[in-house]
Every structure is written in C-alpha cells, then in structure tokens.
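Everything on this sheet refers to the single structure shown next.
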Amino acid sequence: MIGVDPRVSGTQRYSVHVERPGMLHAAFVRSPHAHARVLAVDASGLPADCVALLPEDVADLGRYGCQARDQRVLADVARHAGDIVAAVAAPTAAAARAAARSVDVTYEELPAVFDAVEAVAPGAPLLHPDAAESAGEAVSIGVRPLTGTNVCHRFRIRHGDAAAGFADADVIVSRAFRTPGAAHAPMEPHAALAEWEDGRLTLWTGTQTPFNTRADVAGAFGLRPDDVRVVAPPMGGSFGAKTFVRLEALVAALARKAGRPVKATLDRAEEFLCLNRHPATIRVRVGAKRDGTLVAKELDCWVDTGAYADCGPGVATKMGYAGVGPYRIPHVRVDALAIYTNLPPNGAYRGYGAMQSVWASERTMDALAEELGMSPLELRRRNLLRDGDVFATGEVMHDVHFEECLDAAARAVGYAEDPRGAGLCVLLKGMQTPSRAAVRIERNPVGYVVRSASCEMGQGVRASIRLMAAELLGCEPGQVEVPDPDTDTSPFDTRTTSSRSTHMMGRALAVAVRDLRANGGEHGFGEVVNEGGLDPDTGQGIASTHWHQGAASARVSVDEETGKLTVERLHGVAYAGRVVDRAGAELQNEGSMIMGLGTALFEELDFDDGQVANANLSDYNLPAPGDLPAGFTHELLESEGAEAHGLGETVLPPVPAAIGNALASLGLDVRELPLTPERVLEAVDRR
Amino acid sequence: MHLILNGKPWQVECEPGDMLLGLLEREGLTAARATCGIGVCGACTVLLDGVPVTGCITLAGQVAGREVTTAEALGGSDPVQRAFATAQAFQCGWCTPGFVLAARALLEENPDPSDAEIAEALGGNLCRCGSYVKIAEAVRIAARELAA
Amino acid sequence: MNQGFIDPDVLLSLGAVDGLGRIEAGDGGELRLGAMATHRAVERAPATAAWPVLRRAFSLVASPRVRNVATVGGVLADADYASDPPAVLSALGARAVLRSASGEREVGIGELIRGYYETCIAPDELLVEVRVPPQPEAAVYRKFRSRSCEDRPCVAVAAVRDGDALRVVVGAVAETPQHFPDVCALGAGRAAEIGAAYGERIEPIADARGSAAYRRRVTAVEVRRAVEAVA
C-alpha cells in the first residue's frame, strides 16, 4: 500500500529507535559541581548485571574535540555541572539510572567562573591549562588559543586601518549588547549505540557529522578511521545540538568494557546539559560621514563556549565576520574570543554565531541612523555591498542580492510610509568554507541509489537530493533511494551544517550524473570542493564561496504598563537563488523565523552557580502555535540561472534584530535578549 | 492487566509505577514518543476511550479495562493524516502523530474551527522544527475534506 | 515520579470511586464539583452554565489533552502556585469538602492552600467536593503571561463583585493565592488604589516567568484592570 509519509503515519524510526541484540542501556554519573577534581569513584555497590565505566577504564584513551582536543571520555576534572565522570550499563534504562545514582564520587571543589568577560579577567580560574597544546593537534580552522588564559581561540579581522578610519568619521556610535544561552531543544533527545566486533567499532548515532565523529572517535581509541563505522539514522530535529562527538566515545568505551552493545538515550533534563548556544557580550563601534557613508567599524565579541571548546572557535569566527554586516566599510577591526567558562559546553546552534552579532550590529545601525537623523532604511541602502565590492575579509562579492532582500522586507511592513513601531534587519551569513562533498550513484532495478553522507534532521535534505537526482537522471523522485549516511558506504562529506547540503550535494550530483553517463550508466561518482578559508591572524581570504543573504522586518506594539510586547507583523526574506523543494524551503523559512521569535521574546537558559535552573520544557518555553504573529509571512527570492543557496538558517538571525529595532523606534532601547516584558518595562521607565 | 489496545484485547504485565508510554514502547509502538516527560509537548499523545491523553504521565494502571488507541491505528489513510501529507505539515516528523491526534479531536468537536480556535486547540503540542503554519493549513484542509 | 523525585510503594486510584466525578446543583443555588470532575467537564457541563468565570478559568489551563484528565480535586490538592482554578474558586467564595473516616469538614480555598504545594488536608482526609456559591454577574479572570501564550501565568487575577462586595484574589505571584479583604473593602470604584495596594501587599516569588519586583508592578496593573472590569 502506498500510504502517507512514515513521518505522518508515525512509523518513522529515528536514532533513538536503533536496537542491537544483547544491548545494554547506559546511564551517566554527572558532577553536581561546576568545577571539581574527581578524587575517587566508588561503584562497588553495583548489581552484578551492571557494568561500570571508571577512570581506569579510559586511561588509555586519547582526548578529542573537533577544533580543540580538550575533551576526555570521562572527565578527570569536572568542568561543568553535569560533566560526566563515570558511566554504567545495565539490562534496562531504569536499572542503569538506578545504578548510576548509587555510584559514589568524591570531589575536590575548585573555583568556578560563569561569565566569558569574567573568565578573561586576571585571576580567573583556568579550565584548560594545556589548551595551547591540544589546539596544536586539532583539525580544521587554524585555532589560535591564548596560552595561560581561558581563550581557546581568538579570531581577528584587520582590514584597512580602523584607527585612521574613525579619525575620519563625522559621527561615531558605540554600543554593547548581550545574548544569553539557549537550548536547541530538539524533540528527539540525543541517542547513540556502540557495538564492537573483532576490534572494529560500529556506532549508530543521531549526528550531523558522521565523518568528523568517525575521525574523533577513532583518534580517541587509537584506531584507524576505517576501523570505525558511523551510521546516521534520521533525527527528530537537531538544529546543531547533534553536531560533533557527544555520546559516541562514551558508549563505545562502555561497550568495550561490557563486551556487549551499549545504547545511551538522554532524558530531557540531560538535554540541557549536553550542548547549548553560545552566550555573547558584543561591543560595536561604528563611524560614518555626515551623509551616512560608513567609514570604520570595530567589533569585540566575548563568546562563552562553556567547559569545552567544541566548535566554539568556528562560531566565534563566523560571529566575527557576520557582525560586520553586508556593508561596504573600508576599515574594519574585529576581535572575537571563544572563552572557556564552567557552563555546559556550547556549540553549533542554528545560525552558528550570526544571531548574536547580527543582533548587535543591526541594532547599532539603527542607533547610528538616529544619530545622523537618517532613516534606518536609507542608511542601510547607502552602504549595502554590491557585486564587485570588497568585503571586510578582502573577498570580492558576487551574486549579491542584499538590497533586494532589504527592500522586500521593508515593503512587507510598509516601512517607508510608517517607520514608527517598525524595524528592519539585513544580514550576511557564511557557508562552511572550505568543504568537500561527494556523492555516489548506482543503478538498480527500480531506479537509482544515491549515497550521500548528508544527514536528515527534518530539513528535508533527502527529499532535495531525490528531487535534484531525479531531475538530472530523468526519472521520477520515487525511483531514487537515499539510504542513511554510513561511513562504510557513503562517500566523504564535510558535514551537514551551515545550510550547505542542498547546494553542495546538488553540485556533486551534477558531476556524478555526468560521470554515470560517461561510463555506461551503472555507476557514477562526483566530488566537489569548496576552496577558501580565512587567515586566522588577519581574517583575510575567502570566508564563504557563496553567501547566505536575507532580511527581516517587524511591526510591534507594546503594553507600556506591563511591558508586554506584541509582534503584529513579522516578515522574513531569504535569497534562495533556485528553490529545489518549494514546500521544504517554505518550512525552513517558517521554522527559522519561529525559532528566531523564541530567541527574541522568551528563550533564555537560567544558570544558577552553573546549574541549569530551567531544565524542562515548562520552565523553558518553546514557541507554541499561538505565538505566531497575526501577520507572519516570508519570501524566497530567486533569480534566473542562479545556484541553490542554503536556506536552513538564513531568516533566524535577523528576527531578533528586526523586533529589537521596531521596539527602539518607539524609544524603547533594549540591548539584551530576550525582549522580556520586564526588560521592556525597564526601557519604558528609562525613556 | 487487561485492556483493548488498537482494537484488540491485550494482556500485559506491569509495575504500579509504570507509565502507559513505557508499556507501548515495550510493545514496539513508537508513534507516541518520550520527549518532555511532563506532559507539555504532546508528542506522546494517545487516545484513551477515544479522548487524547498524555502517555508519559498516564499510569499504566489507570487504563485497565479501557481502550487505548495509538496513532498507528489510523493506518495512514485517515483524512487528517492525508491532509498533513498534502500540506507537507511536518519536517522531522517527531511531533506529527501527536498533532494528528490533537487535530482529529478538534475536528470531532468543532468541524469548522477558526484560525484562533486551531491555535488554541493545538497549543498543547510543540513543534521545534516550526511547522505550525502548514499544520494549521492541514487542519483547514482536513476540515474541508470531512465536511464534504 | 517521572523525574525521580518520589517513589511511592503504593498507588491508590480514585477513578473507580462512585460519584466522585459528579457536577451538579446543590442547596441554595450552589454548584457542587466532584473532586474527580475533569477540567473539560467543568468547561462544558450544563450545570456550570451559570458560572462563566469558572468555565473560563478551567478552560485556560494548559491544553485540551491535559484538561481531559486534570481534575478539580487534583489541581487543589496539588496546590501549585501557578495554576488557574484556585484564584477563581477563592474569589467566588468556594469551599472544599474534606472527608475522613470520622466525618466531614468544609474549608475555604484560602484555608485549604497553605503554602508551596502544601494544603491543610490531613493524611486521613480526602478532598471529595468543591461547593461554589452562585456567581454574581460581575466576575472576571485575567491571566497575564510574560512569555509564550502557552506559558503558566506570571500574574493571575480573579475579581468578583456582588453588589458592593468585592473579592479580588491574585494567583501565581506568591506561594498561596493572595486576597486582602481590607483593601477590597475600598470598593470597586477605587480600582487604582486597590491595584496599588495589592502590588505593595503581596510577597511575590521570582521564577522563570518574572522577578518579584516585576510581579509587584504587574499585579498593581492587572488588579486595577480586573476591578475596572467588574466595577
């Protein structure tokens, strides 16, 4: 029977549903302290059918981490409340949790720090004294730690001469902004299952990064990458939470000790301790001529990456250049620091740092407009990058559509006619550069199998691959099978992040289909490489081979007695280039905007001595159906012959800034997210 | 304990502290999913004597002698399910069975709901992927289908 | 139990106890809500038609799915400070009937709810019924949420006026519903003063929905608005 999609009928199986014969269930022993040395672990009271993973069991394993190798399979020093110091496997999940509660750990508490700015002040406790050492071995982006500090990476842009630029400015505006931590809160929790056979490890895990995970886990266990197989079933949402190693090395170590497969599934409270969004403090200083021409900009970002770096260096980097904005500015200085604190680790979160710096940068643009007595729309138009302009990274911009995006956003809320109560934001966001994507096609009796390591998390990448392949191959989408990513059989792909997959896989498919046609029609292989990268000391180079471009606009009203903000109208614009799957693209825009709304209005992790005080979905609010503004619309801009542009994140970052600017147009200047009624009321009092 | 599960008599062993959701999981029924643990997200919705309830906070003992229906029983050809498919009212799909059951319950009571009534009735279901616009559209499509 | 906070040895279900779910009229035009009556039943029962403010308060709780199961007795015995029904029941002058093997007693909602998840129900007592006097025409319930529209209340105000008698009860701001009869005695014509006084008199808590100081501010505003609505 051809029924409805299994996601509708409820028969879809996700990473939590993987089972292997004889498997045990894992539970974790977590530090209650935010910073403490583990002195002793006593698991002597465990029932006979439980297996404990203790410090001595992992002494032979190496450290891992995608950009700084600062994580251990079990923490010898707990660096955040919830850090895992021991683990247990048992025949049932309930038995494992009970056993984990019975493990007794002795700690020596250490001073802790919970704020990125405080963590770089003199005398702050150091979380990773050997940070410099681990980054030296790391892959990827050219990590630059500052030895002897909590800075695991500093990103810089030096473009022109900022000091000289400011000297030349007629008007200078300086502002500081803050954004809190937030939870990804995918509906499906993290899940991973490990099984060893003859020295070879197989991991079934909800992940966006099968090849990174394979490399990191292999490295930790001293194996060759080929001795580790990572299979990535579809996820019930991720939004970046399931990026890079989270549970995989732990379940692998437990499975090694137990001699049986071991599966771990986090409960909801644990989800808040696993990986969150980077809090940031950002100072913006921008200088302009009387006529609004921007001449200089400085950005200082303190990015709280929590107890472990994860991809904090990458996030700080992207936050740094996204914060420049889609503008022509001859003199730019950016300094973005990824800083360790004793909060749970922060990592990839939809937007990858762009939301935080776009909030700061675009709010400052409106402040500058006010100083100049100019319309915020006109100020932006005057300075937007055009084809052929040079960005602050020194790269020449092409396929530029910022003005189109901004104009569409402004039109949607009637901004030019009535700017009072309305706000705008326009942004640029980069796509992972450099990167590689490959795809393999095999003919089969009903059609084709397309092997790609792009991971499905609800963004519809499989549907896009099916559509693109069908179009190129001249068959029906239903004839194209796209199996789960599997590092044994899927060709290499850098990772499913950064809204790159439709674009990169589309290009790889074109190469693969040409190869298939040239070679008898049975097999085809295609690989594309996206060259570039930035010099870590100057921030010059190619940040992104193509840019995600978008805008948002909002119209708001405020109950000035309670501070309650109502978003009457919200409009998002994304430059899509070429839309592959229209419904899927609309869902990505809508989903991004809704997540942006949560960020703007109420999502905030409450930390209390490093503990997450609101670690459940009642105390931490997610947007509900009734939270959508009465006017909630979006557009996908296309142009003839354009390539597909990533859409998975573009219209999240501009939403908070558009709403914040709308609020500011009423004289209510709030510089911290979320825009709670309490903060708005304080702004009413100040006005 | 005896009950009717998806139309068939079912006898199951359980502890007093077991929740209904755990029983269903052990039976291999995975449309209702453990998600928030406190009854706010709706992803573990099941029908108890035809009425939606929260599987993760319904004690197994409470359903003795009663009828439990999971989303799997709809078979994939239910008009509300078809409307969700037509509207492509899902992304990862984790929350979708819960929304389908909530939508069905709404339309059973209120065959022609306004947008505000739809938002209110579905307010106990969370979708982190943010498919609400198309979910509301699916409900409107289903309402038209069922009225016809 | 799901979060591992409690692990009881024995669970006793009231589901099969006859008559505990009844909703019916009682003596003197009062409404009798059985402890096992669900929120949904209160919203819809013909017997509650003359208590629109009660229907409204119960209908605002959570979602239909939760209201299918949550009960009148449950919400009161749980004494969660952030729930809707207690403030309205208190403003209407409702009484809870507590029964034990040795007899029955009636307590007002203010006496019933003693503190944070704490009631005056003795270990051998069961809350079996809630008796609600007739609702006067002027009655309103305002639920102020500071975050999502699905959030629990930050400040909840029930105001009921019967002739010159005014009762205003504020929920969700403190451990127990807050009622100041001496302030209400000022009368519905002095809404701003009543609001300001309530704002000063409450001992607010801070939680994910707002700080104590913020709750004071909003209480003053929401109480004023509620009193204006029943004046």
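Order determines the names: the first chain of the structure tokens is A, the second B, and so forth; residues in each chain are numbered 1 upward, and ligands are numbered 1 upward as they are shown.
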
Exercise for review: Using DSSP on the backbone coordinates, identify the residues of region 44-119 of chain B assigned to helix (DSSP H, G or I); present them as an MDAnalysis selection string.
Suggested key: chainID B and resid 55:57 60:63 71:74 79:87 96:109 115:119

Go ahead and dump the residues you just picked, N, CA and C atoms, as an mmCIF file, in the first residue's frame.
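The file below, out.cif, is the result:
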```
data_model
loop_
_atom_site.group_PDB
_atom_site.id
_atom_site.type_symbol
_atom_site.label_atom_id
_atom_site.label_comp_id
_atom_site.auth_asym_id
_atom_site.auth_seq_id
_atom_site.Cartn_x
_atom_site.Cartn_y
_atom_site.Cartn_z
ATOM 1 N N GLY B 55 0.547 10.193 27.239
ATOM 2 C CA GLY B 55 1.041 8.844 27.553
ATOM 3 C C GLY B 55 2.093 8.791 28.640
ATOM 4 N N CYS B 56 2.947 9.820 28.719
ATOM 5 C CA CYS B 56 4.078 9.725 29.662
ATOM 6 C C CYS B 56 3.671 10.014 31.089
ATOM 7 N N ILE B 57 2.501 10.574 31.327
ATOM 8 C CA ILE B 57 2.058 10.810 32.709
ATOM 9 C C ILE B 57 0.725 10.145 33.013
ATOM 10 N N ALA B 60 0.012 3.294 33.931
ATOM 11 C CA ALA B 60 -0.460 2.104 33.231
ATOM 12 C C ALA B 60 -1.730 1.573 33.893
ATOM 13 N N GLY B 61 -1.737 1.567 35.226
ATOM 14 C CA GLY B 61 -2.884 1.037 35.952
ATOM 15 C C GLY B 61 -4.181 1.771 35.660
ATOM 16 N N GLN B 62 -4.082 3.038 35.261
ATOM 17 C CA GLN B 62 -5.295 3.811 35.001
ATOM 18 C C GLN B 62 -6.042 3.328 33.763
ATOM 19 N N VAL B 63 -5.369 2.564 32.886
ATOM 20 C CA VAL B 63 -6.032 2.197 31.633
ATOM 21 C C VAL B 63 -6.591 0.779 31.666
ATOM 22 N N ALA B 71 -1.515 6.334 17.435
ATOM 23 C CA ALA B 71 -1.587 6.899 16.082
ATOM 24 C C ALA B 71 -1.412 5.820 15.018
ATOM 25 N N GLU B 72 -0.692 4.764 15.354
ATOM 26 C CA GLU B 72 -0.507 3.671 14.377
ATOM 27 C C GLU B 72 -1.843 3.109 13.889
ATOM 28 N N ALA B 73 -2.873 3.170 14.778
ATOM 29 C CA ALA B 73 -4.159 2.564 14.413
ATOM 30 C C ALA B 73 -4.848 3.318 13.279
ATOM 31 N N LEU B 74 -4.421 4.545 13.020
ATOM 32 C CA LEU B 74 -5.058 5.299 11.942
ATOM 33 C C LEU B 74 -4.706 4.729 10.575
ATOM 34 N N PRO B 79 -8.269 10.742 6.975
ATOM 35 C CA PRO B 79 -8.335 12.037 6.270
ATOM 36 C C PRO B 79 -7.436 13.110 6.887
ATOM 37 N N VAL B 80 -7.295 13.092 8.211
ATOM 38 C CA VAL B 80 -6.425 14.102 8.822
ATOM 39 C C VAL B 80 -4.969 13.813 8.462
ATOM 40 N N GLN B 81 -4.608 12.527 8.480
ATOM 41 C CA GLN B 81 -3.241 12.177 8.064
ATOM 42 C C GLN B 81 -3.004 12.588 6.617
ATOM 43 N N ARG B 82 -3.967 12.334 5.766
ATOM 44 C CA ARG B 82 -3.803 12.702 4.353
ATOM 45 C C ARG B 82 -3.652 14.215 4.205
ATOM 46 N N ALA B 83 -4.399 14.950 5.025
ATOM 47 C CA ALA B 83 -4.293 16.415 4.956
ATOM 48 C C ALA B 83 -2.899 16.873 5.376
ATOM 49 N N PHE B 84 -2.341 16.261 6.402
ATOM 50 C CA PHE B 84 -0.978 16.599 6.821
ATOM 51 C C PHE B 84 0.007 16.297 5.700
ATOM 52 N N ALA B 85 -0.213 15.187 5.014
ATOM 53 C CA ALA B 85 0.684 14.839 3.910
ATOM 54 C C ALA B 85 0.526 15.831 2.762
ATOM 55 N N THR B 86 -0.713 16.179 2.435
ATOM 56 C CA THR B 86 -0.966 17.128 1.337
ATOM 57 C C THR B 86 -0.335 18.482 1.615
ATOM 58 N N ALA B 87 -0.489 18.940 2.857
ATOM 59 C CA ALA B 87 0.041 20.264 3.215
ATOM 60 C C ALA B 87 1.536 20.213 3.502
ATOM 61 N N THR B 96 4.570 14.870 14.780
ATOM 62 C CA THR B 96 3.427 14.793 13.866
ATOM 63 C C THR B 96 2.293 13.881 14.329
ATOM 64 N N PRO B 97 2.570 12.648 14.791
ATOM 65 C CA PRO B 97 1.451 11.810 15.253
ATOM 66 C C PRO B 97 0.645 12.486 16.358
ATOM 67 N N GLY B 98 1.309 13.170 17.271
ATOM 68 C CA GLY B 98 0.613 13.882 18.343
ATOM 69 C C GLY B 98 -0.271 14.989 17.800
ATOM 70 N N PHE B 99 0.226 15.730 16.823
ATOM 71 C CA PHE B 99 -0.574 16.783 16.201
ATOM 72 C C PHE B 99 -1.774 16.198 15.467
ATOM 73 N N VAL B 100 -1.568 15.064 14.795
ATOM 74 C CA VAL B 100 -2.670 14.433 14.067
ATOM 75 C C VAL B 100 -3.791 14.072 15.034
ATOM 76 N N LEU B 101 -3.436 13.483 16.164
ATOM 77 C CA LEU B 101 -4.472 13.112 17.134
ATOM 78 C C LEU B 101 -5.154 14.357 17.714
ATOM 79 N N ALA B 102 -4.386 15.399 17.977
ATOM 80 C CA ALA B 102 -4.980 16.630 18.507
ATOM 81 C C ALA B 102 -5.906 17.262 17.478
ATOM 82 N N ALA B 103 -5.488 17.228 16.216
ATOM 83 C CA ALA B 103 -6.309 17.805 15.146
ATOM 84 C C ALA B 103 -7.611 17.028 14.986
ATOM 85 N N ARG B 104 -7.512 15.706 15.047
ATOM 86 C CA ARG B 104 -8.717 14.878 14.935
ATOM 87 C C ARG B 104 -9.693 15.195 16.051
ATOM 88 N N ALA B 105 -9.172 15.313 17.271
ATOM 89 C CA ALA B 105 -10.043 15.601 18.408
ATOM 90 C C ALA B 105 -10.722 16.954 18.218
ATOM 91 N N LEU B 106 -9.979 17.936 17.717
ATOM 92 C CA LEU B 106 -10.558 19.257 17.470
ATOM 93 C C LEU B 106 -11.698 19.159 16.460
ATOM 94 N N LEU B 107 -11.436 18.508 15.334
ATOM 95 C CA LEU B 107 -12.428 18.473 14.267
ATOM 96 C C LEU B 107 -13.648 17.639 14.648
ATOM 97 N N GLU B 108 -13.466 16.687 15.533
ATOM 98 C CA GLU B 108 -14.621 15.909 16.008
ATOM 99 C C GLU B 108 -15.589 16.808 16.763
ATOM 100 N N GLU B 109 -15.063 17.760 17.491
ATOM 101 C CA GLU B 109 -15.890 18.662 18.294
ATOM 102 C C GLU B 109 -16.307 19.896 17.558
ATOM 103 N N ASP B 115 -9.003 30.163 12.794
ATOM 104 C CA ASP B 115 -7.555 30.071 12.993
ATOM 105 C C ASP B 115 -7.205 30.154 14.477
ATOM 106 N N ALA B 116 -7.907 31.021 15.204
ATOM 107 C CA ALA B 116 -7.629 31.160 16.635
ATOM 108 C C ALA B 116 -7.989 29.881 17.375
ATOM 109 N N GLU B 117 -9.103 29.265 16.968
ATOM 110 C CA GLU B 117 -9.511 28.013 17.621
ATOM 111 C C GLU B 117 -8.528 26.893 17.314
ATOM 112 N N ILE B 118 -7.992 26.891 16.117
ATOM 113 C CA ILE B 118 -6.987 25.890 15.767
ATOM 114 C C ILE B 118 -5.743 26.081 16.638
ATOM 115 N N ALA B 119 -5.272 27.320 16.750
ATOM 116 C CA ALA B 119 -4.061 27.586 17.543
ATOM 117 C C ALA B 119 -4.280 27.210 18.997
#
```

Determine which residues of chain A sit within 6 Å of chain C, taking into account only C-alpha atoms, and present them as a PDB file with C-alpha atoms, in the first residue's frame.
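Contents of result.pdb, freshly written:
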```pdb
ATOM      1  CA  THR A 562       3.270  45.674  31.715  1.00  0.00           C
ATOM      2  CA  PHE A 602      11.452  34.414  25.723  1.00  0.00           C
ATOM      3  CA  ASP A 619      10.229  26.492  32.705  1.00  0.00           C
ATOM      4  CA  ASP A 627       2.753  32.532  19.475  1.00  0.00           C
TER       5      ASP A 627
END
```

Revision key, fill the gap. Judged by only C-alpha atoms, the minimum distance to Ala229 (chain C) among C:Gly189, C:Gly163, C:Gly26, C:Pro134 is found for C:Gly189

Point to revise | Check: which chain C residues lie within 9 Å of chain B using only C-alpha atoms, as a list in words | key: Met1, Asn2, Gln3, Asp7, Pro8, Asp9, Val10, Leu11, Ser13, Gly15, Ala62, Ser63, Pro64, Arg65, Val66, Arg67, Asn68, Val69, Cys149 and Glu150 of chain C

Put those residues in a file: N, CA and C atoms, as a PDB file, in the first residue's frame.
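Output contents, as saved in selection.pdb:
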```pdb
ATOM      1  N   MET C   1       7.035  11.440  39.700  1.00  0.00           N
ATOM      2  CA  MET C   1       7.561  10.090  39.589  1.00  0.00           C
ATOM      3  C   MET C   1       8.460   9.982  38.378  1.00  0.00           C
ATOM      4  N   ASN C   2       8.042  10.631  37.269  1.00  0.00           N
ATOM      5  CA  ASN C   2       8.856  10.586  36.056  1.00  0.00           C
ATOM      6  C   ASN C   2      10.224  11.198  36.262  1.00  0.00           C
ATOM      7  N   GLN C   3      10.287  12.202  37.119  1.00  0.00           N
ATOM      8  CA  GLN C   3      11.567  12.877  37.326  1.00  0.00           C
ATOM      9  C   GLN C   3      12.348  12.277  38.486  1.00  0.00           C
ATOM     10  N   ASP C   7       9.017   8.052  44.907  1.00  0.00           N
ATOM     11  CA  ASP C   7       8.970   6.642  44.520  1.00  0.00           C
ATOM     12  C   ASP C   7       8.039   5.912  45.491  1.00  0.00           C
ATOM     13  N   PRO C   8       6.702   6.085  45.313  1.00  0.00           N
ATOM     14  CA  PRO C   8       5.774   5.525  46.307  1.00  0.00           C
ATOM     15  C   PRO C   8       5.718   4.005  46.234  1.00  0.00           C
ATOM     16  N   ASP C   9       5.393   3.411  47.391  1.00  0.00           N
ATOM     17  CA  ASP C   9       5.240   1.949  47.426  1.00  0.00           C
ATOM     18  C   ASP C   9       3.872   1.543  46.894  1.00  0.00           C
ATOM     19  N   VAL C  10       2.892   2.358  47.204  1.00  0.00           N
ATOM     20  CA  VAL C  10       1.520   2.007  46.833  1.00  0.00           C
ATOM     21  C   VAL C  10       0.854   3.210  46.171  1.00  0.00           C
ATOM     22  N   LEU C  11       0.113   2.948  45.099  1.00  0.00           N
ATOM     23  CA  LEU C  11      -0.669   3.999  44.460  1.00  0.00           C
ATOM     24  C   LEU C  11      -2.137   3.600  44.513  1.00  0.00           C
ATOM     25  N   SER C  13      -5.896   4.482  43.136  1.00  0.00           N
ATOM     26  CA  SER C  13      -6.624   5.251  42.135  1.00  0.00           C
ATOM     27  C   SER C  13      -8.025   5.555  42.629  1.00  0.00           C
ATOM     28  N   GLY C  15     -10.253   6.552  40.474  1.00  0.00           N
ATOM     29  CA  GLY C  15     -11.042   6.536  39.243  1.00  0.00           C
ATOM     30  C   GLY C  15     -12.321   5.736  39.335  1.00  0.00           C
ATOM     31  N   ALA C  62      -3.548  24.894  30.512  1.00  0.00           N
ATOM     32  CA  ALA C  62      -2.792  24.020  29.605  1.00  0.00           C
ATOM     33  C   ALA C  62      -3.460  23.835  28.250  1.00  0.00           C
ATOM     34  N   SER C  63      -3.789  22.568  27.926  1.00  0.00           N
ATOM     35  CA  SER C  63      -4.317  22.233  26.608  1.00  0.00           C
ATOM     36  C   SER C  63      -5.481  21.270  26.768  1.00  0.00           C
ATOM     37  N   PRO C  64      -6.283  21.067  25.695  1.00  0.00           N
ATOM     38  CA  PRO C  64      -7.403  20.119  25.788  1.00  0.00           C
ATOM     39  C   PRO C  64      -6.965  18.752  26.289  1.00  0.00           C
ATOM     40  N   ARG C  65      -5.800  18.319  25.833  1.00  0.00           N
ATOM     41  CA  ARG C  65      -5.334  16.989  26.214  1.00  0.00           C
ATOM     42  C   ARG C  65      -5.146  16.885  27.724  1.00  0.00           C
ATOM     43  N   VAL C  66      -4.557  17.933  28.322  1.00  0.00           N
ATOM     44  CA  VAL C  66      -4.344  17.939  29.763  1.00  0.00           C
ATOM     45  C   VAL C  66      -5.685  18.065  30.485  1.00  0.00           C
ATOM     46  N   ARG C  67      -6.562  18.905  29.932  1.00  0.00           N
ATOM     47  CA  ARG C  67      -7.850  19.138  30.589  1.00  0.00           C
ATOM     48  C   ARG C  67      -8.762  17.919  30.540  1.00  0.00           C
ATOM     49  N   ASN C  68      -8.481  16.995  29.630  1.00  0.00           N
ATOM     50  CA  ASN C  68      -9.253  15.744  29.583  1.00  0.00           C
ATOM     51  C   ASN C  68      -9.043  14.911  30.833  1.00  0.00           C
ATOM     52  N   VAL C  69      -7.942  15.139  31.506  1.00  0.00           N
ATOM     53  CA  VAL C  69      -7.528  14.271  32.609  1.00  0.00           C
ATOM     54  C   VAL C  69      -7.408  15.022  33.939  1.00  0.00           C
ATOM     55  N   CYS C 149       2.326  32.079  24.783  1.00  0.00           N
ATOM     56  CA  CYS C 149       0.893  32.059  25.084  1.00  0.00           C
ATOM     57  C   CYS C 149       0.518  30.767  25.795  1.00  0.00           C
ATOM     58  N   GLU C 150       1.387  29.760  25.743  1.00  0.00           N
ATOM     59  CA  GLU C 150       1.115  28.511  26.444  1.00  0.00           C
ATOM     60  C   GLU C 150       1.765  28.467  27.823  1.00  0.00           C
TER      61      GLU C 150
END
```

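Put simply, CA of Gly45 (chain A) is 19.9 Å away from CA of Leu74 (chain A).
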
Review point. Got a sec to pull out which chain A residues are within 9 Å of chain B, counting only C-alpha atoms, and send them as a count of residues only?
Key: 54

Exercise for review: Name the closest residue to Gly123 (chain A) among the candidates A:Met23, A:Gly414, A:Thr149, A:His546; distances are taken between atoms, counting only C-alpha atoms.
Suggested key: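 Among A:Met23, A:Gly414, A:Thr149, A:His546, it is A:Thr149 that comes nearest to Gly123 (chain A).
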
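Among the candidates C:His39, C:Arg114, C:Arg201, C:Arg44, the one nearest to Asp80 (chain C) when counting only C-alpha atoms is C:Arg114.
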
Point to revise | Which residue of A:Thr364, A:Thr599, A:Thr341, A:Asn383 approaches Arg328 (chain A) most closely, using only C-alpha atoms | key: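 Smallest separation from Arg328 (chain A) among the options: A:Asn383.
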
Polymer residues at most 9 Å from Pro47 (chain A), only C-alpha atoms, same-chain spacing of 4 or more positions, as a CSV table (one decimal) with C-alpha atoms, in the first residue's frame:
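Now in around.csv:
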```csv
chain,number,residue,atom,x,y,z
A,51,VAL,CA,28.9,-2.7,34.1
A,90,ALA,CA,22.6,-2.3,32.7
A,99,ALA,CA,22.8,2.1,39.3
```

**Study point:** Long-range neighbours of region 164-174 of chain C as a PyMOL selection string, 7 Å cut-off, only C-alpha atoms, 4 positions minimum in chain
**Key:** chain C and resi 81-83+87+90-91+153-160+178-179+181+184-185+187-188+203-205+215

Check your understanding: When you draw a straight line from CA of Pro136 (chain C) to CA of Asp162 (chain C), how long is it in Å?
Key ->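 That distance, rounded to one decimal, is 5.4 Å.
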
Exercise for review: List the neighbours of Ala191 (chain C) out to 6 Å using only C-alpha atoms; skip same-chain residues closer than 2 positions along the sequence, and give me the result as number ranges by chain.
Suggested key: C: 188-189, 193-194, 224, 227-228

Check your understanding: Any idea what's packed within 8 Å of Val72 (chain C), counting only C-alpha atoms, ignoring anything in its chain fewer than 5 positions away? Could you give it as a list in words?
Key ->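 Counting only C-alpha atoms, the residues come to Leu33, Gly34, Ala35, Met36, Ala37, Thr38, His39 and Val130 of chain C.
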
Check your understanding: In Å to one decimal, how far is CA of Pro491 (chain A) from CA of Ala232 (chain A)?
Key -> 13.5 Å

Check your understanding: For Ala70 (chain C), which residue out of C:Leu89, C:Ala139, C:Val42, C:Ala206 is the nearest one, using only C-alpha atoms?
Key -> C:Val42

Exercise for review: Would you kindly return, as a PyMOL selection string, each protein, DNA or RNA residue with an atom no farther than 10 Å from any atom of Val53 (chain C), considering only C-alpha atoms and excluding same-chain residues fewer than 3 positions away?
Suggested key: chain C and resi 43+48-50+56-59+85+88-89+92+135-142+158-160
